[in-house]
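What follows is the content of query_8.cif, which has mmCIF, C-alpha atoms and all ligand atoms:
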data_data
#
loop_
_atom_site.group_PDB
_atom_site.id
_atom_site.type_symbol
_atom_site.label_atom_id
_atom_site.label_comp_id
_atom_site.auth_asym_id
_atom_site.auth_seq_id
_atom_site.Cartn_x
_atom_site.Cartn_y
_atom_site.Cartn_z
ATOM 1 C CA MET A 22 81.366 107.572 117.210
ATOM 2 C CA ALA A 23 82.448 104.005 116.452
ATOM 3 C CA SER A 24 80.408 101.166 117.885
ATOM 4 C CA VAL A 25 82.793 99.073 120.004
ATOM 5 C CA ARG A 26 81.701 95.861 121.699
ATOM 6 C CA VAL A 27 84.195 94.319 124.147
ATOM 7 C CA TYR A 28 84.144 90.654 125.170
ATOM 8 C CA PRO A 29 86.092 89.071 128.083
ATOM 9 C CA SER A 30 87.924 86.428 126.026
ATOM 10 C CA ALA A 31 88.779 85.349 122.500
ATOM 11 C CA ASP A 32 86.262 82.492 122.803
ATOM 12 C CA GLU A 33 83.456 84.838 123.853
ATOM 13 C CA LEU A 34 84.434 87.183 121.016
ATOM 14 C CA ALA A 35 84.181 84.347 118.488
ATOM 15 C CA ARG A 36 80.776 83.370 119.861
ATOM 16 C CA ALA A 37 79.516 86.964 119.726
ATOM 17 C CA VAL A 38 80.657 87.391 116.127
ATOM 18 C CA ALA A 39 79.071 84.038 115.212
ATOM 19 C CA ASP A 40 75.776 85.223 116.700
ATOM 20 C CA PHE A 41 76.131 88.514 114.782
ATOM 21 C CA VAL A 42 76.630 86.593 111.525
ATOM 22 C CA VAL A 43 73.584 84.409 112.249
ATOM 23 C CA LEU A 44 71.382 87.446 112.858
ATOM 24 C CA ARG A 45 72.662 89.292 109.791
ATOM 25 C CA ALA A 46 72.132 86.215 107.617
ATOM 26 C CA ALA A 47 68.566 85.701 108.830
ATOM 27 C CA ASP A 48 67.779 89.394 108.265
ATOM 28 C CA ALA A 49 69.277 89.388 104.765
ATOM 29 C CA ILE A 50 67.579 86.164 103.671
ATOM 30 C CA ALA A 51 64.230 87.371 105.028
ATOM 31 C CA GLY A 52 64.656 90.582 103.068
ATOM 32 C CA SER A 53 66.179 89.499 99.775
ATOM 33 C CA GLY A 54 66.241 85.722 99.786
ATOM 34 C CA ARG A 55 70.023 85.555 99.987
ATOM 35 C CA PHE A 56 72.998 86.395 102.253
ATOM 36 C CA THR A 57 76.202 87.750 100.749
ATOM 37 C CA MET A 58 79.228 87.825 103.049
ATOM 38 C CA ALA A 59 82.885 88.652 102.477
ATOM 39 C CA LEU A 60 85.169 86.660 104.778
ATOM 40 C CA SER A 61 88.327 88.081 106.255
ATOM 41 C CA GLY A 62 91.601 86.227 106.250
ATOM 42 C CA GLY A 63 94.464 85.897 108.683
ATOM 43 C CA SER A 64 94.299 83.843 111.869
ATOM 44 C CA THR A 65 91.731 85.633 114.044
ATOM 45 C CA PRO A 66 88.640 84.350 112.201
ATOM 46 C CA ARG A 67 89.667 80.672 112.429
ATOM 47 C CA ALA A 68 87.823 80.348 115.743
ATOM 48 C CA LEU A 69 84.740 82.010 114.248
ATOM 49 C CA TYR A 70 84.629 79.838 111.134
ATOM 50 C CA SER A 71 85.173 76.667 113.177
ATOM 51 C CA LEU A 72 82.334 77.666 115.514
ATOM 52 C CA LEU A 73 79.950 78.365 112.621
ATOM 53 C CA ALA A 74 80.629 74.817 111.391
ATOM 54 C CA THR A 75 79.700 73.130 114.710
ATOM 55 C CA PRO A 76 76.392 71.320 115.297
ATOM 56 C CA GLU A 77 75.416 74.178 117.650
ATOM 57 C CA TYR A 78 75.366 76.598 114.694
ATOM 58 C CA ALA A 79 74.747 74.116 111.877
ATOM 59 C CA ASP A 80 71.078 74.923 111.292
ATOM 60 C CA ARG A 81 71.168 78.564 112.374
ATOM 61 C CA ILE A 82 72.348 79.749 108.935
ATOM 62 C CA SER A 83 70.525 78.690 105.761
ATOM 63 C CA TRP A 84 73.699 77.952 103.830
ATOM 64 C CA THR A 85 71.780 77.160 100.626
ATOM 65 C CA HIS A 86 70.892 80.870 100.529
ATOM 66 C CA ALA A 87 74.417 82.072 101.309
ATOM 67 C CA HIS A 88 77.111 83.379 98.967
ATOM 68 C CA LEU A 89 80.651 83.615 100.375
ATOM 69 C CA PHE A 90 83.380 85.923 99.122
ATOM 70 C CA TRP A 91 86.731 87.119 100.476
ATOM 71 C CA SER A 92 87.824 90.605 101.553
ATOM 72 C CA ASP A 93 91.288 89.790 100.297
ATOM 73 C CA GLU A 94 93.612 87.004 99.244
ATOM 74 C CA ARG A 95 97.277 86.307 99.170
ATOM 75 C CA CYS A 96 98.616 85.674 95.642
ATOM 76 C CA VAL A 97 99.270 82.011 96.241
ATOM 77 C CA PRO A 98 97.584 78.786 95.059
ATOM 78 C CA PRO A 99 94.357 77.776 96.848
ATOM 79 C CA ASP A 100 96.057 74.888 98.627
ATOM 80 C CA ASP A 101 98.925 77.039 99.910
ATOM 81 C CA PRO A 102 99.148 77.156 103.743
ATOM 82 C CA SER A 103 98.870 80.969 103.605
ATOM 83 C CA SER A 104 95.760 80.988 101.403
ATOM 84 C CA ASN A 105 92.764 82.699 103.020
ATOM 85 C CA TYR A 106 90.530 80.483 100.897
ATOM 86 C CA ARG A 107 92.242 77.323 102.204
ATOM 87 C CA MET A 108 91.789 78.437 105.821
ATOM 88 C CA ALA A 109 88.074 79.099 105.330
ATOM 89 C CA ARG A 110 87.606 75.895 103.316
ATOM 90 C CA GLU A 111 89.167 73.747 106.032
ATOM 91 C CA THR A 112 87.441 75.418 108.990
ATOM 92 C CA LEU A 113 84.014 76.156 107.489
ATOM 93 C CA ILE A 114 83.219 75.544 103.822
ATOM 94 C CA ASP A 115 83.970 71.818 103.758
ATOM 95 C CA ARG A 116 81.786 71.407 106.852
ATOM 96 C CA VAL A 117 78.536 73.221 105.870
ATOM 97 C CA PRO A 118 76.054 72.554 103.037
ATOM 98 C CA ILE A 119 76.820 75.625 100.929
ATOM 99 C CA PRO A 120 76.569 74.940 97.181
ATOM 100 C CA ALA A 121 80.035 75.047 95.591
ATOM 101 C CA GLU A 122 78.865 77.556 92.986
ATOM 102 C CA GLN A 123 78.047 79.976 95.825
ATOM 103 C CA VAL A 124 81.628 80.044 97.087
ATOM 104 C CA HIS A 125 83.390 82.800 95.169
ATOM 105 C CA ARG A 126 87.116 82.569 95.872
ATOM 106 C CA ILE A 127 89.736 84.994 94.598
ATOM 107 C CA ARG A 128 92.077 83.162 92.194
ATOM 108 C CA GLY A 129 95.339 83.802 94.013
ATOM 109 C CA GLU A 130 97.172 81.472 91.676
ATOM 110 C CA ASP A 131 96.592 83.705 88.644
ATOM 111 C CA ASP A 132 98.360 86.879 87.503
ATOM 112 C CA PRO A 133 97.455 89.382 90.267
ATOM 113 C CA SER A 134 96.063 92.115 88.024
ATOM 114 C CA ALA A 135 94.067 89.635 85.957
ATOM 115 C CA ALA A 136 92.721 87.957 89.090
ATOM 116 C CA ALA A 137 91.688 91.321 90.541
ATOM 117 C CA GLU A 138 89.891 92.288 87.342
ATOM 118 C CA ALA A 139 88.179 88.898 87.196
ATOM 119 C CA TYR A 140 87.013 89.167 90.808
ATOM 120 C CA ASP A 141 85.793 92.725 90.238
ATOM 121 C CA LEU A 142 83.626 91.294 87.439
ATOM 122 C CA VAL A 143 82.336 88.477 89.684
ATOM 123 C CA LEU A 144 81.273 91.066 92.246
ATOM 124 C CA ARG A 145 79.498 93.184 89.641
ATOM 125 C CA THR A 146 77.739 90.062 88.375
ATOM 126 C CA VAL A 147 76.512 89.044 91.830
ATOM 127 C CA LEU A 148 75.992 92.447 93.503
ATOM 128 C CA GLY A 149 74.836 94.355 90.430
ATOM 129 C CA SER A 150 75.843 97.518 88.628
ATOM 130 C CA PRO A 151 77.399 100.518 90.368
ATOM 131 C CA GLY A 152 75.603 103.726 91.122
ATOM 132 C CA PRO A 153 76.821 107.217 90.175
ATOM 133 C CA ASP A 154 79.455 107.121 92.919
ATOM 134 C CA HIS A 155 80.916 103.922 91.404
ATOM 135 C CA SER A 156 79.930 101.831 94.437
ATOM 136 C CA PRO A 157 77.400 98.997 94.217
ATOM 137 C CA VAL A 158 73.782 100.081 94.628
ATOM 138 C CA THR A 159 73.308 96.935 96.698
ATOM 139 C CA GLY A 160 76.432 96.029 98.598
ATOM 140 C CA PHE A 161 77.390 92.950 100.599
ATOM 141 C CA ASP A 162 75.050 92.072 103.423
ATOM 142 C CA LEU A 163 78.097 91.682 105.649
ATOM 143 C CA VAL A 164 81.840 92.246 105.320
ATOM 144 C CA LEU A 165 84.014 90.738 108.037
ATOM 145 C CA LEU A 166 87.394 92.411 108.521
ATOM 146 C CA GLY A 167 90.434 92.044 110.736
ATOM 147 C CA LEU A 168 93.015 94.603 111.847
ATOM 148 C CA GLY A 169 96.723 94.235 111.266
ATOM 149 C CA GLU A 170 99.252 95.473 113.810
ATOM 150 C CA ASP A 171 100.185 98.180 111.292
ATOM 151 C CA GLY A 172 96.586 99.336 110.930
ATOM 152 C CA HIS A 173 95.881 97.553 107.666
ATOM 153 C CA THR A 174 92.614 95.829 106.962
ATOM 154 C CA ALA A 175 91.780 93.386 104.196
ATOM 155 C CA SER A 176 94.925 93.958 102.130
ATOM 156 C CA LEU A 177 94.682 97.725 102.276
ATOM 157 C CA PHE A 178 98.113 98.577 103.631
ATOM 158 C CA PRO A 179 99.595 101.868 104.849
ATOM 159 C CA GLY A 180 101.026 103.972 102.049
ATOM 160 C CA LYS A 181 99.540 101.836 99.284
ATOM 161 C CA SER A 182 97.100 103.259 96.745
ATOM 162 C CA GLY A 183 94.272 100.766 97.341
ATOM 163 C CA VAL A 184 92.937 102.685 100.317
ATOM 164 C CA ARG A 185 92.365 105.746 98.085
ATOM 165 C CA GLU A 186 90.810 103.870 95.147
ATOM 166 C CA LYS A 187 87.618 105.607 93.992
ATOM 167 C CA THR A 188 86.189 103.432 91.203
ATOM 168 C CA ARG A 189 87.495 99.864 91.214
ATOM 169 C CA TRP A 190 86.023 97.347 93.644
ATOM 170 C CA VAL A 191 89.060 95.035 93.629
ATOM 171 C CA VAL A 192 92.761 95.850 93.152
ATOM 172 C CA ALA A 193 96.047 93.956 93.201
ATOM 173 C CA GLU A 194 99.059 95.428 95.000
ATOM 174 C CA ASP A 195 102.653 94.390 95.523
ATOM 175 C CA VAL A 196 102.855 94.816 99.288
ATOM 176 C CA GLU A 197 106.461 95.213 100.376
ATOM 177 C CA ALA A 198 105.442 95.066 104.055
ATOM 178 C CA VAL A 199 104.505 91.414 103.686
ATOM 179 C CA GLY A 200 106.769 90.576 100.738
ATOM 180 C CA MET A 201 103.987 89.414 98.443
ATOM 181 C CA TRP A 202 101.287 90.464 96.021
ATOM 182 C CA ARG A 203 97.856 90.753 97.522
ATOM 183 C CA ILE A 204 94.379 91.145 96.013
ATOM 184 C CA THR A 205 91.933 93.206 98.026
ATOM 185 C CA LEU A 206 88.465 94.682 98.070
ATOM 186 C CA THR A 207 88.608 98.464 98.102
ATOM 187 C CA PRO A 208 86.622 100.877 100.318
ATOM 188 C CA VAL A 209 84.426 101.550 97.255
ATOM 189 C CA VAL A 210 82.764 98.152 97.635
ATOM 190 C CA ILE A 211 83.389 97.534 101.353
ATOM 191 C CA ASN A 212 81.728 100.768 102.454
ATOM 192 C CA ALA A 213 78.614 99.979 100.376
ATOM 193 C CA ALA A 214 77.946 96.946 102.582
ATOM 194 C CA HIS A 215 74.867 96.912 104.784
ATOM 195 C CA SER A 216 77.095 95.891 107.700
ATOM 196 C CA VAL A 217 80.839 95.792 108.306
ATOM 197 C CA ALA A 218 82.211 94.037 111.385
ATOM 198 C CA PHE A 219 85.807 94.159 112.567
ATOM 199 C CA MET A 220 86.900 91.178 114.661
ATOM 200 C CA VAL A 221 90.015 92.043 116.694
ATOM 201 C CA SER A 222 91.693 89.853 119.280
ATOM 202 C CA GLY A 223 94.839 89.977 121.374
ATOM 203 C CA ALA A 224 97.081 92.440 123.181
ATOM 204 C CA GLY A 225 99.260 92.792 120.099
ATOM 205 C CA LYS A 226 96.512 94.818 118.429
ATOM 206 C CA SER A 227 95.723 97.125 121.370
ATOM 207 C CA ALA A 228 98.006 100.064 120.526
ATOM 208 C CA ARG A 229 96.900 100.200 116.912
ATOM 209 C CA LEU A 230 93.232 99.670 117.746
ATOM 210 C CA LYS A 231 93.376 102.658 120.070
ATOM 211 C CA GLU A 232 94.967 104.784 117.330
ATOM 212 C CA VAL A 233 92.394 103.718 114.738
ATOM 213 C CA LEU A 234 89.496 104.497 117.045
ATOM 214 C CA GLU A 235 90.775 107.657 118.699
ATOM 215 C CA GLU A 236 93.187 109.446 116.367
ATOM 216 C CA PRO A 237 92.065 111.874 113.640
ATOM 217 C CA ALA A 238 91.332 110.221 110.299
ATOM 218 C CA ASN A 239 94.511 109.389 108.403
ATOM 219 C CA PRO A 240 93.675 106.378 106.216
ATOM 220 C CA ASP A 241 96.994 106.462 104.403
ATOM 221 C CA ARG A 242 98.674 105.638 107.716
ATOM 222 C CA LEU A 243 95.765 103.690 109.233
ATOM 223 C CA PRO A 244 93.766 102.123 106.367
ATOM 224 C CA ALA A 245 91.171 100.680 108.764
ATOM 225 C CA GLN A 246 90.008 104.284 109.282
ATOM 226 C CA ALA A 247 88.792 104.325 105.664
ATOM 227 C CA ILE A 248 86.090 101.779 106.470
ATOM 228 C CA LYS A 249 82.429 102.731 106.941
ATOM 229 C CA SER A 250 79.155 100.975 106.166
ATOM 230 C CA ARG A 251 75.710 101.906 104.938
ATOM 231 C CA SER A 252 74.250 101.036 108.345
ATOM 232 C CA GLY A 253 76.248 103.835 109.938
ATOM 233 C CA GLY A 254 79.708 102.603 110.593
ATOM 234 C CA PRO A 255 81.666 99.444 111.241
ATOM 235 C CA VAL A 256 80.909 97.482 114.387
ATOM 236 C CA TRP A 257 84.139 96.789 116.268
ATOM 237 C CA MET A 258 83.918 93.452 118.061
ATOM 238 C CA VAL A 259 87.026 93.028 120.178
ATOM 239 C CA ASP A 260 88.246 91.017 123.155
ATOM 240 C CA GLN A 261 89.443 92.554 126.425
ATOM 241 C CA ALA A 262 93.083 91.939 125.510
ATOM 242 C CA ALA A 263 92.735 94.013 122.346
ATOM 243 C CA THR A 264 91.646 96.985 124.443
ATOM 244 C CA GLY A 265 94.894 96.883 126.371
ATOM 245 C CA ALA A 266 93.013 96.203 129.619
HETATM 246 C C1 LIG B 1 94.921 88.824 105.649
HETATM 247 C C2 LIG B 1 93.756 89.543 106.255
HETATM 248 C C3 LIG B 1 94.240 90.689 107.063
HETATM 249 C C4 LIG B 1 94.018 90.262 108.504
HETATM 250 C C5 LIG B 1 94.870 91.066 109.440
HETATM 251 C C6 LIG B 1 94.792 90.479 110.849
HETATM 252 O O1 LIG B 1 94.839 88.366 104.514
HETATM 253 O O2 LIG B 1 95.908 88.688 106.410
HETATM 254 O O3 LIG B 1 92.685 89.686 105.575
HETATM 255 O O4 LIG B 1 93.623 91.911 106.845
HETATM 256 O O5 LIG B 1 92.639 90.399 108.832
HETATM 257 O O6 LIG B 1 96.195 91.030 108.978
HETATM 258 O O7 LIG B 1 95.361 89.190 110.786
HETATM 259 P P1 LIG B 1 95.354 88.207 112.064
HETATM 260 O O8 LIG B 1 93.931 87.861 112.327
HETATM 261 O O9 LIG B 1 96.165 87.035 111.614
HETATM 262 O O10 LIG B 1 95.981 88.986 113.189
#

Would it be possible to restate this file's structure as structure tokens?
Ligand code: 6PG
Amino acid sequence: MASVRVYPSADELARAVADFVVLRAADAIAGSGRFTMALSGGSTPRALYSLLATPEYADRISWTHAHLFWSDERCVPPDDPSSNYRMARETLIDRVPIPAEQVHRIRGEDDPSAAAEAYDLVLRTVLGSPGPDHSPVTGFDLVLLGLGEDGHTASLFPGKSGVREKTRWVVAEDVEAVGMWRITLTPVVINAAHSVAFMVSGAGKSARLKEVLEEPANPDRLPAQAIKSRSGGPVWMVDQAATGA
């Protein structure tokens, strides 16, 4: 059964996810000396990233021990208004003392397939070699994900092959639904994470969230259903509006 935590407002959701990140980071750094996190894109996490950059949270994460990645990227330059990297840079990265070499962006400006292959190699360099099931033996400490109104997550879209990928950790796909190429982590690497947290806000997501949580597994139609984690299953952190209440 999925773990679903409901918060009264978008602000309280952002604060709860920020606290979750702080705890996960402290646990990871205590255990391995580092914290590896894949950031989600879109608009929902803006409030989270901005909060993590405030003085209230400034010294609650040891940023010098953190490595940031992305769950997906639009195939655009890093200064493009739709770049997930740009959003995170403006709201968080430029405002915390994380060493530049520990920020591992996806090169959206490059040829999509080449950029996906290059990022796959970056992940194997940082996370380590795969096990017999092709997934990393040691996955991300935390992967943050959002939910699209069509049930996509990261850039794993309905009907696209990325959700069924069994060996590659990163793929590029021409996503007709959004009229652009996207680069995305696959369930092979996402599901090897110690923790996966979905952050979902707003009434516009309520119908799809209910389907993802309650309908029988059909990842081709609802890619978010393909997501698990090594610690038992994604944690769904949602606001009241996203529950349809
Ligand atoms: C992206 C995201 C994507 C996002 C959902 C929700 O690149 O757009 O990674 O998976 O999380 O589309 O987006 P919103 O938060 O904007 O609703």

Residues in the PyMOL selection byres (((chain A and resi 90) around 8) and not hetatm), expressed as a list in words: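 Applied to this file, the PyMOL selection byres (((chain A and resi 90) around 8) and not hetatm) selects Thr57, Met58, Ala59, Leu60, His88, Leu89, Trp91, Ser92, Val124, His125, Arg126 and Ile127 of chain A.
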
Do you have, as a Markdown table, the list of residues of chain A lying at most 6 Å from ligand LIG 1 (chain B), each with its nearest atom pair and that distance in Å to one decimal, counting only C-alpha atoms and all ligand atoms and ordered by chain then number?
| residue | atom | partner | partner_atom | distance |
| --- | --- | --- | --- | --- |
| A:Ser61 | CA | B:LIG1 | O3 | 4.7 |
| A:Gly62 | CA | B:LIG1 | O3 | 3.7 |
| A:Gly63 | CA | B:LIG1 | O9 | 3.6 |
| A:Ser64 | CA | B:LIG1 | O9 | 3.7 |
| A:Thr65 | CA | B:LIG1 | O8 | 3.6 |
| A:Asp93 | CA | B:LIG1 | O3 | 5.5 |
| A:Glu94 | CA | B:LIG1 | O1 | 5.6 |
| A:Leu166 | CA | B:LIG1 | O5 | 5.6 |
| A:Gly167 | CA | B:LIG1 | O5 | 3.3 |
| A:Leu168 | CA | B:LIG1 | C6 | 4.6 |
| A:Gly169 | CA | B:LIG1 | O6 | 4.0 |
| A:Thr174 | CA | B:LIG1 | O4 | 4.0 |
| A:Ala175 | CA | B:LIG1 | O4 | 3.5 |
| A:Ser176 | CA | B:LIG1 | O4 | 5.3 |

Å distance separating atom CA of A:Asp260 from atom CA of A:Ser24, one decimal place: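 The value is 13.9 Å.
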
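The residue that comes closest to A:Ala262, out of A:Ala31, A:Val143, A:Ile211, A:Met201 and on the basis of only C-alpha atoms, is A:Ala31.
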
Residue among A:Ala68, A:Ala247, A:Val196, A:Cys96 lying closest to A:Glu33, counting all atoms listed in the file: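 Answer, going by the shortest atom-to-atom distance: A:Ala68.
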
Result set, the PyMOL selection byres (((chain A and resi 206) around 9) and not hetatm) on current file, as a count of residues only: 20

For this file, the PyMOL selection byres (((chain A and resi 147) around 10) and not hetatm) selects which residues, as a PDB file with C-alpha atoms, in the coordinates of the input?
ATOM      1  CA  THR A  57      76.202  87.750 100.749  1.00  0.00           C
ATOM      2  CA  HIS A  88      77.111  83.379  98.967  1.00  0.00           C
ATOM      3  CA  HIS A 125      83.390  82.800  95.169  1.00  0.00           C
ATOM      4  CA  LEU A 142      83.626  91.294  87.439  1.00  0.00           C
ATOM      5  CA  VAL A 143      82.336  88.477  89.684  1.00  0.00           C
ATOM      6  CA  LEU A 144      81.273  91.066  92.246  1.00  0.00           C
ATOM      7  CA  ARG A 145      79.498  93.184  89.641  1.00  0.00           C
ATOM      8  CA  THR A 146      77.739  90.062  88.375  1.00  0.00           C
ATOM      9  CA  LEU A 148      75.992  92.447  93.503  1.00  0.00           C
ATOM     10  CA  GLY A 149      74.836  94.355  90.430  1.00  0.00           C
ATOM     11  CA  SER A 150      75.843  97.518  88.628  1.00  0.00           C
ATOM     12  CA  THR A 159      73.308  96.935  96.698  1.00  0.00           C
ATOM     13  CA  GLY A 160      76.432  96.029  98.598  1.00  0.00           C
ATOM     14  CA  PHE A 161      77.390  92.950 100.599  1.00  0.00           C
TER      15      PHE A 161
END

Exercise on stretch 145-157 of chain A, axis-aligned box with 4 Å per side, report centre and edge lengths in Å to one decimal, as lines of an AutoDock Vina configuration file:
center_x = 77.9
center_y = 98.1
center_z = 91.4
size_x = 14.1
size_y = 26.2
size_z = 14.1

Expected residue set, 10 Å radius at (88.6, 83.5, 121.4), all atoms listed in the file, as an MDAnalysis selection string: chainID A and resid 28:37 65:69 221:223 259:260

Atom-to-atom span, atom CA of A:Trp257 and atom CA of A:Val25, Å: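 Rounded to one decimal, the two atoms are 4.6 Å apart.
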
Atom CA of A:Ile119 to atom CA of A:Ala74, straight-line distance in Å: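 Result for atom CA of A:Ala74 versus atom CA of A:Ile119: 11.2 Å, one decimal.
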
Residues within 12 Å of A:His86, only C-alpha atoms, excluding chain neighbours under 2 positions, as a list of chain:residue names: A:Ala46, A:Ala47, A:Asp48, A:Ala49, A:Ile50, A:Ala51, A:Gly52, A:Ser53, A:Gly54, A:Arg55, A:Phe56, A:Thr57, A:Met58, A:Ile82, A:Ser83, A:Trp84, A:His88, A:Leu89, A:Pro118, A:Ile119, A:Pro120, A:Ala121, A:Glu122, A:Gln123, A:Val124

Counting all atoms listed in the file, the option among A:Asp241, A:Ala139, A:Val217, A:Leu44 closest to A:Lys181: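 Among A:Asp241, A:Ala139, A:Val217, A:Leu44, it is A:Asp241 that comes nearest to A:Lys181.
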
Residue nearest A:Lys231 among A:Ala193, A:Ala135, A:Val38, A:Ala23 (counting only C-alpha atoms):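 Result for the nearest residue to A:Lys231: A:Ala23.
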
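Between A:Ala39 and the residues A:Val184, A:Val233, A:Leu72, A:Ile248, the shortest atom-to-atom distance, using only C-alpha atoms, involves A:Leu72.
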
Could you add the missing atoms to stretch 123-130 of chain A, up to all heavy atoms, and return them as an mmCIF file, in the frame of the given file?
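Written output follows (part-v9.cif):
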data_model
loop_
_atom_site.group_PDB
_atom_site.id
_atom_site.type_symbol
_atom_site.label_atom_id
_atom_site.label_comp_id
_atom_site.auth_asym_id
_atom_site.auth_seq_id
_atom_site.Cartn_x
_atom_site.Cartn_y
_atom_site.Cartn_z
ATOM 1 N N GLN A 123 78.297 78.773 95.012
ATOM 2 C CA GLN A 123 78.047 79.976 95.825
ATOM 3 C C GLN A 123 79.243 80.356 96.697
ATOM 4 O O GLN A 123 79.152 81.210 97.555
ATOM 5 C CB GLN A 123 76.774 79.777 96.666
ATOM 6 C CG GLN A 123 75.536 79.696 95.804
ATOM 7 C CD GLN A 123 74.265 79.333 96.543
ATOM 8 O OE1 GLN A 123 73.352 78.782 95.969
ATOM 9 N NE2 GLN A 123 74.188 79.609 97.837
ATOM 10 N N VAL A 124 80.369 79.701 96.428
ATOM 11 C CA VAL A 124 81.628 80.044 97.087
ATOM 12 C C VAL A 124 82.506 80.721 96.052
ATOM 13 O O VAL A 124 82.937 80.084 95.071
ATOM 14 C CB VAL A 124 82.329 78.783 97.643
ATOM 15 C CG1 VAL A 124 83.681 79.151 98.263
ATOM 16 C CG2 VAL A 124 81.430 78.093 98.669
ATOM 17 N N HIS A 125 82.722 82.002 96.207
ATOM 18 C CA HIS A 125 83.390 82.800 95.169
ATOM 19 C C HIS A 125 84.783 83.185 95.646
ATOM 20 O O HIS A 125 84.989 84.250 96.232
ATOM 21 C CB HIS A 125 82.564 84.060 94.883
ATOM 22 C CG HIS A 125 81.116 83.792 94.603
ATOM 23 N ND1 HIS A 125 80.642 83.443 93.350
ATOM 24 C CD2 HIS A 125 80.015 83.787 95.431
ATOM 25 C CE1 HIS A 125 79.322 83.267 93.410
ATOM 26 N NE2 HIS A 125 78.919 83.446 94.652
ATOM 27 N N ARG A 126 85.766 82.279 95.389
ATOM 28 C CA ARG A 126 87.116 82.569 95.872
ATOM 29 C C ARG A 126 87.848 83.486 94.900
ATOM 30 O O ARG A 126 87.528 83.546 93.697
ATOM 31 C CB ARG A 126 87.907 81.280 96.098
ATOM 32 C CG ARG A 126 88.371 80.568 94.824
ATOM 33 C CD ARG A 126 89.226 79.356 95.157
ATOM 34 N NE ARG A 126 89.688 78.684 93.932
ATOM 35 C CZ ARG A 126 90.827 78.982 93.308
ATOM 36 N NH1 ARG A 126 91.618 79.945 93.787
ATOM 37 N NH2 ARG A 126 91.188 78.357 92.196
ATOM 38 N N ILE A 127 88.838 84.183 95.418
ATOM 39 C CA ILE A 127 89.736 84.994 94.598
ATOM 40 C C ILE A 127 90.839 84.062 94.079
ATOM 41 O O ILE A 127 91.431 83.311 94.860
ATOM 42 C CB ILE A 127 90.355 86.141 95.426
ATOM 43 C CG1 ILE A 127 89.260 87.064 95.992
ATOM 44 C CG2 ILE A 127 91.368 86.920 94.604
ATOM 45 C CD1 ILE A 127 89.783 88.084 97.010
ATOM 46 N N ARG A 128 91.119 84.120 92.773
ATOM 47 C CA ARG A 128 92.077 83.162 92.194
ATOM 48 C C ARG A 128 93.500 83.647 92.438
ATOM 49 O O ARG A 128 94.139 84.276 91.602
ATOM 50 C CB ARG A 128 91.777 82.958 90.707
ATOM 51 C CG ARG A 128 90.463 82.187 90.473
ATOM 52 C CD ARG A 128 90.192 81.957 88.988
ATOM 53 N NE ARG A 128 91.285 81.286 88.341
ATOM 54 C CZ ARG A 128 91.441 79.952 88.319
ATOM 55 N NH1 ARG A 128 90.552 79.179 88.938
ATOM 56 N NH2 ARG A 128 92.463 79.390 87.713
ATOM 57 N N GLY A 129 94.000 83.341 93.625
ATOM 58 C CA GLY A 129 95.339 83.802 94.013
ATOM 59 C C GLY A 129 96.459 83.209 93.186
ATOM 60 O O GLY A 129 97.586 83.711 93.200
ATOM 61 N N GLU A 130 96.133 82.152 92.456
ATOM 62 C CA GLU A 130 97.172 81.472 91.676
ATOM 63 C C GLU A 130 97.413 82.143 90.326
ATOM 64 O O GLU A 130 98.416 81.871 89.662
ATOM 65 C CB GLU A 130 96.797 80.008 91.462
ATOM 66 C CG GLU A 130 95.597 79.769 90.550
ATOM 67 C CD GLU A 130 94.274 79.761 91.301
ATOM 68 O OE1 GLU A 130 94.141 80.535 92.299
ATOM 69 O OE2 GLU A 130 93.374 79.026 90.881
#
